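Shown next: structure28.tsv, given as TSV, C-alpha atoms.
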```tsv
chain	number	residue	atom	x	y	z
A	16	MET	CA	0.00	0.00	0.00
A	17	ILE	CA	1.48	3.40	-0.96
A	18	SER	CA	0.82	6.24	1.47
A	19	ARG	CA	-0.24	9.65	0.16
A	20	ARG	CA	3.04	11.12	1.36
A	21	LYS	CA	5.11	8.52	-0.48
A	22	LEU	CA	2.90	8.90	-3.52
A	23	ALA	CA	3.47	12.66	-3.49
A	24	ALA	CA	7.19	12.04	-3.46
A	25	LEU	CA	6.90	9.70	-6.42
A	26	MET	CA	4.51	11.66	-8.60
A	27	VAL	CA	6.60	14.56	-9.75
A	28	LEU	CA	4.76	15.97	-12.72
A	29	ALA	CA	6.74	19.08	-13.57
A	30	PHE	CA	8.46	18.37	-16.86
A	31	SER	CA	10.69	21.13	-18.16
A	32	LEU	CA	11.23	21.94	-21.80
A	33	CYS	CA	13.95	20.11	-23.69
A	34	PHE	CA	17.37	21.68	-23.89
A	35	SER	CA	16.78	22.91	-27.44
A	36	CYS	CA	13.69	24.92	-26.53
A	37	ALA	CA	15.47	28.01	-25.26
A	38	VAL	CA	15.81	30.01	-28.49
A	39	PRO	CA	12.87	32.45	-28.71
A	40	PRO	CA	10.41	30.82	-31.14
A	41	GLN	CA	8.88	32.69	-34.06
A	42	PRO	CA	5.14	32.49	-34.82
A	43	VAL	CA	3.58	31.19	-38.00
A	44	SER	CA	0.33	33.00	-38.72
A	45	GLY	CA	-2.66	32.67	-40.99
A	46	PRO	CA	-5.12	29.82	-41.71
A	47	PRO	CA	-4.26	26.81	-43.89
A	48	THR	CA	-4.08	27.95	-47.47
A	49	SER	CA	-6.79	26.87	-49.88
A	50	SER	CA	-4.21	26.62	-52.65
A	51	PRO	CA	-2.58	23.25	-53.44
A	52	PHE	CA	-1.04	21.57	-50.44
A	53	GLY	CA	2.70	21.88	-50.90
A	54	ASP	CA	4.98	19.29	-49.35
A	55	ASP	CA	8.73	19.76	-49.32
A	56	LEU	CA	9.62	16.04	-49.18
A	57	ASP	CA	9.32	13.12	-51.58
A	58	VAL	CA	6.23	10.96	-51.78
A	59	GLU	CA	8.08	7.69	-51.14
A	60	SER	CA	9.14	8.76	-47.65
A	61	LEU	CA	5.47	9.48	-46.92
A	62	ARG	CA	4.44	6.06	-48.23
A	63	ALA	CA	7.03	4.43	-45.98
A	64	ALA	CA	5.82	6.31	-42.90
A	65	LEU	CA	2.19	5.47	-43.68
A	66	ARG	CA	3.03	1.75	-43.84
A	67	ARG	CA	4.62	1.97	-40.39
A	68	SER	CA	1.41	3.40	-38.95
A	69	PHE	CA	-0.58	0.67	-40.72
A	70	GLU	CA	1.69	-1.88	-39.07
A	71	TYR	CA	0.96	-0.45	-35.63
A	72	LEU	CA	-2.78	0.22	-35.97
A	73	GLN	CA	-3.66	-3.12	-37.57
A	74	LYS	CA	-2.52	-4.89	-34.40
A	75	LEU	CA	-5.00	-2.99	-32.22
A	76	PRO	CA	-8.71	-3.63	-31.63
A	77	PRO	CA	-10.60	-1.15	-33.85
A	78	GLU	CA	-12.43	0.28	-30.83
A	79	ARG	CA	-9.21	1.03	-28.92
A	80	VAL	CA	-8.96	4.75	-28.16
A	81	VAL	CA	-5.57	6.00	-29.42
A	82	GLY	CA	-5.95	9.71	-28.68
A	83	GLU	CA	-8.09	12.22	-26.82
A	84	VAL	CA	-7.06	15.43	-28.62
A	85	PRO	CA	-8.20	17.18	-30.79
A	86	ARG	CA	-11.08	14.73	-30.23
A	87	ARG	CA	-11.38	11.15	-29.05
A	88	LEU	CA	-10.32	8.84	-31.88
A	89	THR	CA	-10.09	5.06	-32.13
A	90	ALA	CA	-7.56	2.86	-33.89
A	91	GLY	CA	-10.25	1.95	-36.42
A	92	GLU	CA	-10.98	5.59	-37.24
A	93	ILE	CA	-7.31	6.47	-37.71
A	94	LEU	CA	-6.65	3.37	-39.82
A	95	ALA	CA	-9.64	4.16	-42.04
A	96	SER	CA	-8.33	7.69	-42.52
A	97	LEU	CA	-4.87	6.48	-43.50
A	98	LYS	CA	-6.25	3.88	-45.92
A	99	ALA	CA	-8.40	6.56	-47.56
A	100	PHE	CA	-5.44	8.91	-47.80
A	101	GLU	CA	-2.96	6.48	-49.37
A	102	PRO	CA	-4.68	6.30	-52.82
A	103	LEU	CA	-4.47	10.09	-53.07
A	104	LEU	CA	-0.70	9.76	-53.36
A	105	ALA	CA	-1.25	8.67	-56.97
A	106	GLU	CA	-2.13	12.35	-57.56
A	107	TRP	CA	1.04	13.63	-55.87
A	108	HIS	CA	2.35	15.19	-59.09
A	109	CYS	CA	-0.94	16.97	-59.74
A	110	PRO	CA	-1.17	19.35	-56.76
A	111	GLU	CA	-4.56	20.72	-57.79
A	112	CYS	CA	-6.03	17.21	-58.08
A	113	PHE	CA	-4.51	16.13	-54.81
A	114	THR	CA	-5.78	19.22	-52.98
A	115	ARG	CA	-9.29	18.92	-54.44
A	116	ASP	CA	-9.71	15.32	-53.30
A	117	LEU	CA	-8.03	15.89	-49.96
A	118	GLN	CA	-10.39	18.72	-49.09
A	119	ALA	CA	-13.39	16.73	-50.30
A	120	ARG	CA	-12.65	13.66	-48.20
A	121	PHE	CA	-10.87	14.88	-45.07
A	122	ASP	CA	-11.33	17.26	-42.19
A	123	LEU	CA	-8.20	19.10	-41.09
A	124	VAL	CA	-8.63	19.29	-37.33
A	125	PRO	CA	-6.30	21.79	-35.59
A	126	SER	CA	-4.29	20.51	-32.65
A	127	SER	CA	-6.17	23.01	-30.51
A	128	VAL	CA	-9.18	25.20	-31.16
A	129	GLU	CA	-8.09	27.62	-28.46
A	130	THR	CA	-6.15	30.61	-29.79
A	131	GLU	CA	-3.68	30.60	-26.91
A	132	THR	CA	-2.72	26.95	-27.51
A	133	SER	CA	-2.99	26.81	-31.31
A	134	GLN	CA	0.73	27.45	-31.84
A	135	VAL	CA	3.01	24.41	-31.56
A	136	LEU	CA	6.69	24.58	-30.69
A	137	PHE	CA	8.57	22.24	-33.03
A	138	THR	CA	11.96	20.91	-31.96
A	139	GLY	CA	14.02	18.08	-33.43
A	140	TYR	CA	15.66	14.81	-32.51
A	141	TYR	CA	18.03	12.41	-34.23
A	142	GLN	CA	19.86	9.11	-33.82
A	143	PRO	CA	23.40	9.76	-32.54
A	144	VAL	CA	26.38	7.58	-33.48
A	145	LEU	CA	28.86	6.80	-30.67
A	146	GLU	CA	32.17	4.95	-30.56
A	147	GLY	CA	31.98	2.03	-28.13
A	148	SER	CA	32.88	-1.47	-27.04
A	149	ARG	CA	31.05	-4.53	-25.75
A	150	ALA	CA	33.59	-4.77	-22.90
A	151	ARG	CA	34.86	-2.14	-20.49
A	152	THR	CA	38.33	-0.83	-21.32
A	153	GLU	CA	40.43	2.10	-20.18
A	154	LYS	CA	39.05	4.11	-23.10
A	155	PHE	CA	35.48	2.83	-23.05
A	156	ARG	CA	34.39	3.13	-19.43
A	157	TYR	CA	30.92	4.72	-19.45
A	158	PRO	CA	28.14	2.09	-19.47
A	159	ILE	CA	24.93	1.91	-21.46
A	160	TYR	CA	22.55	0.01	-19.18
A	161	GLY	CA	19.71	-2.31	-20.06
A	162	ARG	CA	16.49	-2.32	-18.05
A	163	PRO	CA	17.04	-3.46	-14.44
A	164	ALA	CA	14.89	-6.33	-13.19
A	165	ASP	CA	13.99	-4.41	-10.02
A	166	LEU	CA	12.43	-1.49	-11.95
A	167	ILE	CA	8.72	-2.09	-11.44
A	168	THR	CA	5.50	-0.34	-12.39
A	169	ALA	CA	2.66	0.24	-9.93
A	170	GLU	CA	-0.82	1.58	-10.55
A	171	VAL	CA	-2.17	4.09	-8.06
A	172	VAL	CA	-5.88	4.82	-7.94
A	173	THR	CA	-7.02	8.23	-6.72
A	174	VAL	CA	-10.62	8.12	-5.52
A	175	GLY	CA	-12.77	10.62	-7.32
A	176	ALA	CA	-15.46	11.00	-9.95
A	177	PRO	CA	-14.23	9.45	-12.10
A	178	PRO	CA	-11.35	7.66	-10.33
A	179	LYS	CA	-7.90	8.47	-11.69
A	180	ILE	CA	-5.31	5.77	-12.38
A	181	ASP	CA	-1.65	6.76	-12.46
A	182	ARG	CA	1.31	4.57	-13.35
A	183	VAL	CA	4.41	5.08	-11.24
A	184	LEU	CA	7.85	3.55	-11.60
A	185	GLY	CA	9.95	2.54	-8.64
A	186	ARG	CA	11.49	-0.36	-6.75
A	187	ALA	CA	10.50	-2.55	-3.84
A	188	GLU	CA	12.59	-2.58	-0.69
A	189	GLY	CA	11.05	-4.86	1.88
A	190	GLU	CA	7.43	-3.78	2.17
A	191	GLN	CA	8.14	-0.30	0.84
A	192	PHE	CA	7.71	0.99	-2.68
A	193	LEU	CA	10.41	3.59	-3.27
A	194	PRO	CA	11.39	5.88	-6.14
A	195	TYR	CA	13.94	4.27	-8.44
A	196	TYR	CA	17.55	5.42	-8.37
A	197	THR	CA	18.30	8.86	-9.80
A	198	ARG	CA	20.93	9.65	-12.42
A	199	SER	CA	23.35	10.63	-9.66
A	200	GLU	CA	22.77	7.39	-7.76
A	201	ILE	CA	23.29	5.34	-10.90
A	202	ASP	CA	26.28	7.16	-12.42
A	203	GLU	CA	28.02	8.59	-9.36
A	204	ALA	CA	27.13	6.12	-6.58
A	205	GLY	CA	27.25	3.08	-8.90
A	206	ARG	CA	23.95	1.56	-7.76
A	207	LEU	CA	23.75	-0.67	-10.86
A	208	HIS	CA	27.44	-1.53	-11.04
A	209	GLY	CA	28.26	-5.23	-11.21
A	210	ARG	CA	24.74	-6.42	-12.02
A	211	GLY	CA	25.50	-7.42	-15.60
A	212	LEU	CA	23.22	-4.79	-17.11
A	213	GLU	CA	25.82	-3.22	-19.39
A	214	ILE	CA	24.88	-3.46	-23.09
A	215	ALA	CA	27.99	-1.60	-24.20
A	216	TRP	CA	30.56	0.92	-23.01
A	217	VAL	CA	31.37	4.28	-24.59
A	218	ALA	CA	34.23	6.75	-24.31
A	219	ASP	CA	32.44	10.10	-24.10
A	220	PRO	CA	30.08	10.95	-21.20
A	221	VAL	CA	28.73	13.98	-23.08
A	222	GLU	CA	27.69	11.88	-26.07
A	223	LEU	CA	26.22	9.29	-23.71
A	224	PHE	CA	24.07	11.99	-22.09
A	225	PHE	CA	22.80	13.05	-25.50
A	226	LEU	CA	22.04	9.41	-26.29
A	227	HIS	CA	19.76	9.43	-23.23
A	228	ILE	CA	18.05	12.58	-24.50
A	229	GLN	CA	17.50	11.18	-28.00
A	230	GLY	CA	16.40	7.71	-26.84
A	231	SER	CA	18.15	5.63	-29.51
A	232	GLY	CA	21.48	5.47	-31.31
A	233	ILE	CA	24.13	3.52	-33.16
A	234	ILE	CA	27.19	2.21	-31.32
A	235	ARG	CA	30.18	1.68	-33.61
A	236	LEU	CA	32.18	-1.03	-31.92
A	237	ALA	CA	35.94	-1.19	-31.67
A	238	ASP	CA	35.90	-4.57	-33.47
A	239	GLY	CA	34.24	-3.02	-36.53
A	240	GLY	CA	30.66	-4.06	-35.79
A	241	GLU	CA	27.65	-1.98	-34.86
A	242	LEU	CA	24.92	-2.10	-32.24
A	243	SER	CA	21.58	-0.38	-32.65
A	244	VAL	CA	20.24	0.55	-29.23
A	245	GLY	CA	16.80	1.89	-28.43
A	246	TYR	CA	14.66	2.97	-25.52
A	247	ALA	CA	13.65	0.20	-23.12
A	248	ALA	CA	12.53	2.05	-19.99
A	249	GLN	CA	13.01	5.13	-17.86
A	250	ASN	CA	13.61	5.42	-14.12
A	251	GLY	CA	10.41	7.34	-13.36
A	252	TRP	CA	12.01	10.65	-12.45
A	253	PRO	CA	10.95	13.78	-14.39
A	254	TYR	CA	13.09	15.20	-17.15
A	255	ARG	CA	14.80	18.47	-16.21
A	256	SER	CA	16.44	20.59	-18.88
A	257	ILE	CA	20.17	21.21	-18.43
A	258	GLY	CA	19.91	23.82	-21.16
A	259	ARG	CA	17.47	25.74	-19.00
A	260	LEU	CA	19.87	25.32	-16.06
A	261	LEU	CA	22.77	26.87	-17.96
A	262	ILE	CA	20.60	29.75	-19.17
A	263	ASP	CA	19.34	30.44	-15.64
A	264	ASP	CA	22.92	30.32	-14.32
A	265	GLY	CA	24.03	32.82	-16.98
A	266	LYS	CA	26.46	30.38	-18.61
A	267	ILE	CA	24.82	30.36	-22.04
A	268	ALA	CA	22.71	33.24	-23.37
A	269	ARG	CA	19.10	32.35	-24.08
A	270	GLU	CA	19.37	33.49	-27.71
A	271	ALA	CA	22.53	31.41	-28.22
A	272	MET	CA	21.17	28.14	-26.83
A	273	SER	CA	21.20	25.11	-29.12
A	274	MET	CA	22.35	21.53	-28.87
A	275	GLN	CA	25.61	22.63	-30.46
A	276	SER	CA	26.29	25.38	-27.90
A	277	LEU	CA	25.30	23.06	-25.06
A	278	ARG	CA	27.68	20.35	-26.24
A	279	ARG	CA	30.43	22.92	-26.68
A	280	TYR	CA	30.00	24.21	-23.10
A	281	LEU	CA	30.10	20.69	-21.64
A	282	ASN	CA	33.24	19.78	-23.58
A	283	ASN	CA	34.95	23.01	-22.53
A	284	HIS	CA	34.08	22.54	-18.84
A	285	PRO	CA	34.69	18.85	-18.03
A	286	GLY	CA	34.86	19.57	-14.31
A	287	GLU	CA	31.21	20.70	-14.34
A	288	GLN	CA	29.82	17.80	-16.33
A	289	SER	CA	28.73	15.56	-13.44
A	290	THR	CA	26.99	18.40	-11.59
A	291	ILE	CA	25.18	19.51	-14.74
A	292	PHE	CA	24.15	15.96	-15.69
A	293	ASP	CA	22.89	15.23	-12.17
A	294	TYR	CA	20.50	18.18	-12.42
A	295	ASN	CA	18.42	15.92	-14.69
A	296	PRO	CA	17.50	12.91	-12.49
A	297	SER	CA	15.75	11.15	-15.39
A	298	TYR	CA	17.67	8.12	-16.66
A	299	VAL	CA	17.02	6.00	-19.76
A	300	PHE	CA	17.64	2.26	-20.04
A	301	PHE	CA	18.26	0.70	-23.44
A	302	ARG	CA	17.85	-2.50	-25.39
A	303	VAL	CA	19.54	-3.85	-28.52
A	304	ASN	CA	17.38	-3.45	-31.62
A	305	PRO	CA	17.58	-6.08	-34.37
A	306	ASP	CA	17.57	-3.40	-37.08
A	307	ARG	CA	19.72	-0.31	-37.49
A	308	GLY	CA	16.83	2.14	-37.75
A	309	ALA	CA	15.39	4.00	-34.79
A	310	LEU	CA	12.19	2.63	-33.26
A	311	GLY	CA	9.51	4.99	-32.04
A	312	SER	CA	7.21	4.47	-29.08
A	313	LEU	CA	4.79	2.56	-31.36
A	314	GLU	CA	7.48	-0.13	-31.81
A	315	VAL	CA	7.79	0.66	-35.52
A	316	PRO	CA	10.74	2.38	-37.24
A	317	VAL	CA	10.49	6.16	-37.51
A	318	THR	CA	11.05	7.86	-40.87
A	319	PRO	CA	13.39	10.88	-41.19
A	320	GLY	CA	11.40	14.03	-41.78
A	321	ARG	CA	8.06	12.18	-41.68
A	322	SER	CA	7.79	10.99	-38.07
A	323	ILE	CA	7.01	13.25	-35.14
A	324	ALA	CA	6.90	12.75	-31.38
A	325	THR	CA	4.07	14.27	-29.35
A	326	ASP	CA	2.54	13.86	-25.91
A	327	SER	CA	1.24	10.27	-25.92
A	328	ARG	CA	-1.45	11.22	-23.37
A	329	LEU	CA	-3.07	13.57	-25.87
A	330	PHE	CA	-2.70	13.16	-29.63
A	331	PRO	CA	-3.79	10.07	-31.63
A	332	LYS	CA	-1.04	7.50	-32.03
A	333	GLY	CA	-0.17	6.64	-35.62
A	334	ALA	CA	-2.28	9.50	-37.02
A	335	LEU	CA	-1.54	11.60	-40.09
A	336	ALA	CA	-0.96	15.31	-39.55
A	337	LEU	CA	-0.10	18.36	-41.64
A	338	ILE	CA	2.47	20.66	-40.08
A	339	GLU	CA	3.54	24.20	-40.97
A	340	THR	CA	6.76	25.59	-39.51
A	341	ASP	CA	10.31	26.65	-40.46
A	342	LEU	CA	13.37	24.40	-40.73
A	343	PRO	CA	16.99	25.43	-40.11
A	344	VAL	CA	19.20	26.14	-43.12
A	345	LEU	CA	22.81	25.07	-42.53
A	346	ASP	CA	26.00	25.87	-44.39
A	347	THR	CA	28.67	23.31	-45.33
A	348	ALA	CA	30.23	23.69	-41.88
A	349	GLY	CA	26.91	22.87	-40.19
A	350	GLN	CA	26.31	26.44	-39.00
A	351	LEU	CA	22.86	28.02	-38.99
A	352	THR	CA	22.38	30.52	-41.82
A	353	GLY	CA	18.61	31.00	-41.83
A	354	TRP	CA	15.17	29.40	-41.82
A	355	GLN	CA	13.09	27.82	-44.57
A	356	PRO	CA	9.26	27.74	-44.30
A	357	ILE	CA	7.82	24.27	-44.92
A	358	ARG	CA	4.51	22.46	-45.02
A	359	ARG	CA	4.51	18.67	-44.94
A	360	PHE	CA	2.55	15.58	-43.98
A	361	VAL	CA	3.87	13.66	-40.99
A	362	LEU	CA	2.89	10.64	-38.90
A	363	ASN	CA	2.56	10.76	-35.12
A	364	GLN	CA	4.73	7.77	-34.23
A	365	ASP	CA	6.78	8.63	-31.16
A	366	THR	CA	6.82	10.41	-27.80
A	367	GLY	CA	9.43	11.76	-25.38
A	368	GLY	CA	9.95	12.72	-21.75
A	369	ALA	CA	10.34	16.41	-22.62
A	370	ILE	CA	7.45	16.44	-25.12
A	371	ARG	CA	4.51	17.37	-22.94
A	372	GLY	CA	1.31	19.29	-23.57
A	373	TRP	CA	-0.72	20.64	-26.46
A	374	GLN	CA	1.98	22.93	-27.82
A	375	ARG	CA	4.94	20.57	-28.37
A	376	ALA	CA	6.09	18.33	-31.20
A	377	ASP	CA	9.48	16.85	-32.07
A	378	ILE	CA	10.52	16.10	-35.67
A	379	TYR	CA	12.77	13.09	-36.31
A	380	PHE	CA	15.62	14.05	-38.67
A	381	GLY	CA	17.61	10.82	-39.07
A	382	ALA	CA	21.03	9.50	-38.11
A	383	ASP	CA	23.76	11.40	-39.98
A	384	ASN	CA	25.71	14.60	-39.22
A	385	GLU	CA	23.21	16.75	-41.10
A	386	ALA	CA	20.40	15.26	-39.01
A	387	ALA	CA	22.27	16.11	-35.84
A	388	GLY	CA	22.78	19.67	-37.03
A	389	LEU	CA	19.15	20.18	-38.00
A	390	ALA	CA	17.86	18.65	-34.78
A	391	GLY	CA	20.26	20.75	-32.72
A	392	TYR	CA	19.02	24.06	-34.09
A	393	MET	CA	15.37	23.14	-34.65
A	394	ASN	CA	13.26	25.37	-32.42
A	395	ARG	CA	10.42	27.07	-34.21
A	396	GLN	CA	6.75	27.82	-33.75
A	397	GLY	CA	4.20	26.44	-36.17
A	398	ARG	CA	0.85	24.75	-36.47
A	399	MET	CA	-0.38	21.17	-36.66
A	400	PHE	CA	-3.59	19.75	-38.14
A	401	PHE	CA	-4.73	16.13	-37.92
A	402	LEU	CA	-6.37	14.60	-40.99
A	403	VAL	CA	-9.57	12.71	-40.21
A	404	LEU	CA	-11.84	11.12	-42.80
A	405	LYS	CA	-15.16	12.95	-43.10
A	406	LYS	CA	-18.12	11.14	-41.57
A	407	ASP	CA	-19.49	10.21	-44.99
A	408	GLY	CA	-16.02	9.40	-46.29
A	409	GLY	CA	-16.26	12.49	-48.48
A	410	SER	CA	-17.98	10.39	-51.13
A	411	GLY	CA	-20.70	12.91	-51.82
A	412	SER	CA	-18.40	15.79	-52.59
A	413	SER	CA	-15.94	13.70	-54.56
A	414	ASP	CA	-18.47	11.77	-56.65
A	415	ALA	CA	-20.45	14.89	-57.56
A	416	ARG	CA	-17.63	16.26	-59.71
```

Is it possible to give me this structure as structure tokens?
Amino acid sequence: MISRRKLAALMVLAFSLCFSCAVPPQPVSGPPTSSPFGDDLDVESLRAALRRSFEYLQKLPPERVVGEVPRRLTAGEILASLKAFEPLLAEWHCPECFTRDLQARFDLVPSSVETETSQVLFTGYYQPVLEGSRARTEKFRYPIYGRPADLITAEVVTVGAPPKIDRVLGRAEGEQFLPYYTRSEIDEAGRLHGRGLEIAWVADPVELFFLHIQGSGIIRLADGGELSVGYAAQNGWPYRSIGRLLIDDGKIAREAMSMQSLRRYLNNHPGEQSTIFDYNPSYVFFRVNPDRGALGSLEVPVTPGRSIATDSRLFPKGALALIETDLPVLDTAGQLTGWQPIRRFVLNQDTGGAIRGWQRADIYFGADNEAAGLAGYMNRQGRMFFLVLKKDGGSGSSDAR
């Protein structure tokens, strides 16, 4: 039995923004255009992302609710929308045809009907590549841990109308249910040392921290092989932004904050690394993936440029959305030179500890250096609309032409 006091200690709900959210975002204004829907990416990447959502949704009971916002939607409703959308891709090279049929058959439902929450902050994530080893050596001495057996999930029911069920992560110690070990307890006090949980070892603690933030990565092994590692679990503690910490401490200017500037500060101040890392008690445990690609929270591979992460408590899993925002423009040295407005179709296939609320979305950029650069600078306001098949399937409007 968990006492209210212990439960209060466990249920820390204040999630801060991710480290890349500090640059002042710029608004995107105006309603969706009635002109042809432009999309800055190729159609094949969209087909690939659609198939991944099919793969996920077809495994669920059709009546399973997969999202509450912008309205309650079931797996069957989302799957029907995607299956109706896929044939329209045959008209991809006729923008007027595509737009006509899209508008006839689908409702574009904004992520929020409230003016104050209609803007979405878009950030980015990627799949980092780290040098590592299967065994600990003098060079490779920072462990990537798999999920511990003593990390358990409990359900706590709060009496009310209706009753509320919360899932909490922790560990059992005798008859007590306690919070799981923090980052400091794991990395500094060595609470998991010697338990055989190490998947691999890496040389750079800064890159390892970023691996935790991104949730998946590629480990290039000293023997020439590779390991693809992905998210397995999290220790239950809330994510706290070290970027926000460095801004508040006056160590990086708010307008200069990016993943690149954060990495640069950490590398230039090795003596501060442990203190800065410990500020974020959240800790990610990994597993080895059979394939090289990154897996999203739906257990299907995410597609660069086409997959987004949102708050899994809100938006419909696997759903198709249209986003409008700006993307970073980088020079050959990977430096930011400007912003490019884009509109594109994406699939909601992932989530993240720092992605909370109506006004957040994370775009997956891929696994190369360019992806890392784009994800590092990506921090821009925009809008997001979910595509839902009209109640009559749009057959009346389409067939009348």

Six-sided padding of 4 Å per side, axis-aligned box over stretch 127-136 of chain A, centre and edges in Å, one decimal, as JSON:
```
{"center_x": -1.2, "center_y": 26.8, "center_z": -29.4, "size_x": 23.9, "size_y": 15.6, "size_z": 12.9}
```

Item to complete: Identify, on the basis of all atoms listed in the file, every residue whose closest approach to A:Ile167 does not exceed 10 Å; exclude the query and any residue fewer than 6 positions from it along the same chain; express the result as a VMD selection string.
Response: chain A and resid 183 to 187 192 194 to 195 250 to 251

Resulting file, chosen residues, C-alpha atoms, as an mmCIF file, keeping the file's coordinate frame:
```
data_model
loop_
_atom_site.group_PDB
_atom_site.id
_atom_site.type_symbol
_atom_site.label_atom_id
_atom_site.label_comp_id
_atom_site.auth_asym_id
_atom_site.auth_seq_id
_atom_site.Cartn_x
_atom_site.Cartn_y
_atom_site.Cartn_z
ATOM 1 C CA VAL A 183 4.410 5.080 -11.240
ATOM 2 C CA LEU A 184 7.850 3.550 -11.600
ATOM 3 C CA GLY A 185 9.950 2.540 -8.640
ATOM 4 C CA ARG A 186 11.490 -0.360 -6.750
ATOM 5 C CA ALA A 187 10.500 -2.550 -3.840
ATOM 6 C CA PHE A 192 7.710 0.990 -2.680
ATOM 7 C CA PRO A 194 11.390 5.880 -6.140
ATOM 8 C CA TYR A 195 13.940 4.270 -8.440
ATOM 9 C CA ASN A 250 13.610 5.420 -14.120
ATOM 10 C CA GLY A 251 10.410 7.340 -13.360
#
```

| said: Need to verify the contact set: A:Ala386, 12 Å, all atoms listed in the file, exclusion of same-chain residues closer than 5 positions in sequence. Can you return it as JSON, numbers by chain? | reply: {"A": [139, 140, 141, 142, 143, 144, 319, 320, 342, 343, 344, 345, 349, 378, 379, 380, 381, 391, 392, 393]}

Taking the point (-2.6, 19.8, -37.2) as given in the file, collect each protein or nucleic acid residue that comes within 10 Å of it, counting all atoms listed in the file, and present the set as a list in words.
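Residues found, by chain and rising number: Pro47, Pro85, Leu123, Val124, Pro125, Ser126, Ser127, Ser133, Gln134, Val135, Leu335, Ala336, Leu337, Ile338, Glu339, Phe360, Val361, Gly397, Arg398, Met399, Phe400, Phe401 and Leu402 of chain A.
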
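Closest approach to A:Ile233 among A:Gly333, A:Gly308, A:Pro178, A:Gly372: A:Gly308, based on all atoms listed in the file.
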